[in-house]
Amino acid sequence: MGRAIVRQPQVFLFDEPLSNLDAKLRAQTRIEIRKLHAELGTTSPSVTHDQVEAMTLAQRMIVMNKGVVERIGSPEAVYARPETTFVAGFIGSPPMNLVTGRAEGTRFELPGAVIALPAPAPRAGELVMGARPEHLTLAAGGWPMRVDLVEMLGAERLVHGRLGEGAITVRIDGTHMPPGAGQTVGLAVEPAQSHWFDAQPRRRVGS
């Protein structure tokens, strides 16, 4: 990078720049690259399979799946409004929860469970419902999730479980008392934080 910088190029092209670094050095190098970009102001396209790297380095992202462009936008826009289930499941760590079922108004029938939605689905029929782990909350009387395990990550915990037959992950504050494995807890989500996709071709439905 140093040898390239002294030549003052108009464009830097990064191809998996951090792939051979260990986790700690990766994080440090991401910060240094961001600082260099802010200082030099040089256009710097970067190719990566690491979505965390893409989210932290990019000002504008292009998410591709098998050579097809699935979403273009700022990291914030791509994260907040994925246009396909591929983008929803790729961007975010842990990724968005996606469950397939059949909707009819506020009724959503999943394999192994029927849940009541906080607001009507955008249309009737087979749909995929998505919700980010941080947008799900543990709430008495909510959708029944059977807890499989809890990961302690310091400032937060990840509660992994099943809603019907589908896997679900919920992010909670690390200071909160977590549920135990085997326990059934209630889940809730705000309608504004729900995402809906067609079962086929798995593209976004509604706003």
# chains A, B, ... in the order shown; residues from 1 in each chain; ligands from 1
call {"tool": "closest_atom_pairs", "arguments": {"of": "stretch 16-57 of chain A", "to": "stretch 67-89 of chain A", "cutoff": "9 Å", "atoms": "only C-alpha atoms", "output": "tab-separated table"}}
result
residue	atom	partner	partner_atom	distance
A:Ala54	CA	A:Pro75	CA	8.0
A:Met55	CA	A:Pro75	CA	5.4
A:Thr56	CA	A:Pro75	CA	8.1
call {"tool": "write_last_selection", "arguments": {"atoms": "C-alpha atoms", "output": "PDB file, in the first residue's frame"}}
result
ATOM      1  CA  ALA A  54     -17.689  -4.373   3.388  1.00  0.00           C
ATOM      2  CA  MET A  55     -19.976  -2.654   5.905  1.00  0.00           C
ATOM      3  CA  THR A  56     -17.141  -0.921   7.755  1.00  0.00           C
TER       4      THR A  56
END
call {"tool": "select_by_dssp", "arguments": {"residues": "stretch 108-197 of chain A", "states": "strand (DSSP E)", "output": "JSON, numbers by chain"}}
result
{"A": [108, 109, 110, 113, 114, 115, 116, 125, 126, 127, 128, 129, 130, 131, 136, 137, 138, 139, 140, 141, 142, 143, 144, 145, 146, 147, 148, 149, 150, 151, 152, 156, 157, 158, 159, 160, 161, 162, 163, 166, 167, 168, 169, 170, 171, 172, 173, 184, 185, 186, 187, 188, 189, 195, 196, 197]}
call {"tool": "closest_atom_pairs", "arguments": {"of": "stretch 34-104 of chain A", "to": "stretch 110-132 of chain A", "cutoff": "6 Å", "atoms": "only C-alpha atoms", "output": "tab-separated table"}}
result
residue	atom	partner	partner_atom	distance
A:Met96	CA	A:Arg132	CA	4.5
A:Asn97	CA	A:Ala131	CA	5.3
A:Leu98	CA	A:Gly130	CA	4.5
A:Val99	CA	A:Met129	CA	5.4
A:Thr100	CA	A:Val128	CA	4.3
A:Gly101	CA	A:Leu110	CA	4.4
A:Arg102	CA	A:Glu126	CA	4.3
A:Ala103	CA	A:Ala124	CA	5.0
A:Glu104	CA	A:Ala124	CA	4.8
call {"tool": "closest_residue", "arguments": {"among": "A:His176, A:Arg204, A:Arg162, A:His195", "to": "A:His135", "atoms": "only C-alpha atoms"}}
result
A:His195
call {"tool": "select_by_dssp", "arguments": {"residues": "chain A", "states": "helix (DSSP H, G or I)", "output": "PyMOL selection string"}}
result
chain A and resi 2-5+23-40+51-57+75-80+85-90+133-135+191-193
call {"tool": "closest_residue", "arguments": {"among": "A:Leu149, A:Leu136, A:Ile168, A:Val159", "to": "A:Gln193", "atoms": "only C-alpha atoms"}}
result
A:Leu136
call {"tool": "residues_around", "arguments": {"residues": "stretch 21-27 of chain A", "least_positions_apart": "5", "cutoff": "10 Å", "atoms": "only C-alpha atoms", "output": "MDAnalysis selection string"}}
result
chainID A and resid 32 52:53 56
call {"tool": "decode", "arguments": {"residues": "stretch 9-37 of chain A", "atoms": "N, CA and C atoms", "output": "JSON list (two decimals), in the first residue's frame"}}
result
[["chain", "number", "residue", "atom", "x", "y", "z"],
["A", 9, "PRO", "N", -1.78, 7.43, -7.26],
["A", 9, "PRO", "CA", -2.70, 6.97, -8.32],
["A", 9, "PRO", "C", -4.07, 7.60, -8.18],
["A", 10, "GLN", "N", -4.85, 7.55, -9.25],
["A", 10, "GLN", "CA", -6.21, 8.08, -9.22],
["A", 10, "GLN", "C", -7.18, 7.09, -8.59],
["A", 11, "VAL", "N", -6.82, 5.80, -8.61],
["A", 11, "VAL", "CA", -7.69, 4.75, -8.07],
["A", 11, "VAL", "C", -6.83, 3.71, -7.37],
["A", 12, "PHE", "N", -7.27, 3.26, -6.19],
["A", 12, "PHE", "CA", -6.72, 2.08, -5.53],
["A", 12, "PHE", "C", -7.71, 0.95, -5.72],
["A", 13, "LEU", "N", -7.25, -0.22, -6.15],
["A", 13, "LEU", "CA", -8.11, -1.39, -6.27],
["A", 13, "LEU", "C", -7.67, -2.42, -5.23],
["A", 14, "PHE", "N", -8.56, -2.72, -4.29],
["A", 14, "PHE", "CA", -8.28, -3.70, -3.24],
["A", 14, "PHE", "C", -9.01, -5.00, -3.58],
["A", 15, "ASP", "N", -8.28, -6.10, -3.65],
["A", 15, "ASP", "CA", -8.86, -7.41, -3.92],
["A", 15, "ASP", "C", -8.61, -8.29, -2.70],
["A", 16, "GLU", "N", -9.64, -8.46, -1.86],
["A", 16, "GLU", "CA", -9.54, -9.22, -0.61],
["A", 16, "GLU", "C", -8.32, -8.76, 0.20],
["A", 17, "PRO", "N", -8.23, -7.47, 0.53],
["A", 17, "PRO", "CA", -7.00, -6.95, 1.15],
["A", 17, "PRO", "C", -6.69, -7.50, 2.53],
["A", 18, "LEU", "N", -7.69, -8.00, 3.26],
["A", 18, "LEU", "CA", -7.46, -8.42, 4.64],
["A", 18, "LEU", "C", -7.63, -9.92, 4.83],
["A", 19, "SER", "N", -7.74, -10.67, 3.74],
["A", 19, "SER", "CA", -8.11, -12.09, 3.85],
["A", 19, "SER", "C", -7.07, -12.94, 4.57],
["A", 20, "ASN", "N", -5.79, -12.54, 4.55],
["A", 20, "ASN", "CA", -4.74, -13.37, 5.16],
["A", 20, "ASN", "C", -4.35, -12.92, 6.56],
["A", 21, "LEU", "N", -5.10, -11.98, 7.13],
["A", 21, "LEU", "CA", -4.76, -11.46, 8.44],
["A", 21, "LEU", "C", -5.59, -12.15, 9.52],
["A", 22, "ASP", "N", -5.03, -12.22, 10.74],
["A", 22, "ASP", "CA", -5.82, -12.77, 11.84],
["A", 22, "ASP", "C", -6.87, -11.75, 12.28],
["A", 23, "ALA", "N", -7.80, -12.18, 13.13],
["A", 23, "ALA", "CA", -8.98, -11.36, 13.45],
["A", 23, "ALA", "C", -8.61, -10.00, 14.06],
["A", 24, "LYS", "N", -7.65, -9.99, 15.00],
["A", 24, "LYS", "CA", -7.28, -8.73, 15.65],
["A", 24, "LYS", "C", -6.62, -7.77, 14.67],
["A", 25, "LEU", "N", -5.68, -8.30, 13.86],
["A", 25, "LEU", "CA", -5.00, -7.45, 12.89],
["A", 25, "LEU", "C", -5.94, -6.97, 11.81],
["A", 26, "ARG", "N", -6.93, -7.79, 11.47],
["A", 26, "ARG", "CA", -7.94, -7.39, 10.49],
["A", 26, "ARG", "C", -8.66, -6.13, 10.95],
["A", 27, "ALA", "N", -9.11, -6.14, 12.21],
["A", 27, "ALA", "CA", -9.85, -4.99, 12.75],
["A", 27, "ALA", "C", -8.97, -3.74, 12.76],
["A", 28, "GLN", "N", -7.71, -3.88, 13.14],
["A", 28, "GLN", "CA", -6.81, -2.73, 13.17],
["A", 28, "GLN", "C", -6.56, -2.20, 11.77],
["A", 29, "THR", "N", -6.37, -3.11, 10.82],
["A", 29, "THR", "CA", -6.07, -2.68, 9.45],
["A", 29, "THR", "C", -7.27, -2.02, 8.79],
["A", 30, "ARG", "N", -8.49, -2.50, 9.11],
["A", 30, "ARG", "CA", -9.69, -1.82, 8.60],
["A", 30, "ARG", "C", -9.71, -0.36, 9.01],
["A", 31, "ILE", "N", -9.36, -0.10, 10.27],
["A", 31, "ILE", "CA", -9.34, 1.28, 10.77],
["A", 31, "ILE", "C", -8.32, 2.11, 10.02],
["A", 32, "GLU", "N", -7.12, 1.53, 9.79],
["A", 32, "GLU", "CA", -6.06, 2.26, 9.09],
["A", 32, "GLU", "C", -6.45, 2.55, 7.65],
["A", 33, "ILE", "N", -7.11, 1.61, 6.98],
["A", 33, "ILE", "CA", -7.55, 1.84, 5.60],
["A", 33, "ILE", "C", -8.59, 2.95, 5.55],
["A", 34, "ARG", "N", -9.53, 2.97, 6.51],
["A", 34, "ARG", "CA", -10.52, 4.04, 6.56],
["A", 34, "ARG", "C", -9.85, 5.39, 6.76],
["A", 35, "LYS", "N", -8.84, 5.44, 7.65],
["A", 35, "LYS", "CA", -8.12, 6.69, 7.89],
["A", 35, "LYS", "C", -7.39, 7.16, 6.62],
["A", 36, "LEU", "N", -6.74, 6.22, 5.92],
["A", 36, "LEU", "CA", -6.04, 6.57, 4.70],
["A", 36, "LEU", "C", -6.99, 7.10, 3.64],
["A", 37, "HIS", "N", -8.15, 6.44, 3.52],
["A", 37, "HIS", "CA", -9.12, 6.89, 2.52],
["A", 37, "HIS", "C", -9.62, 8.30, 2.84]]
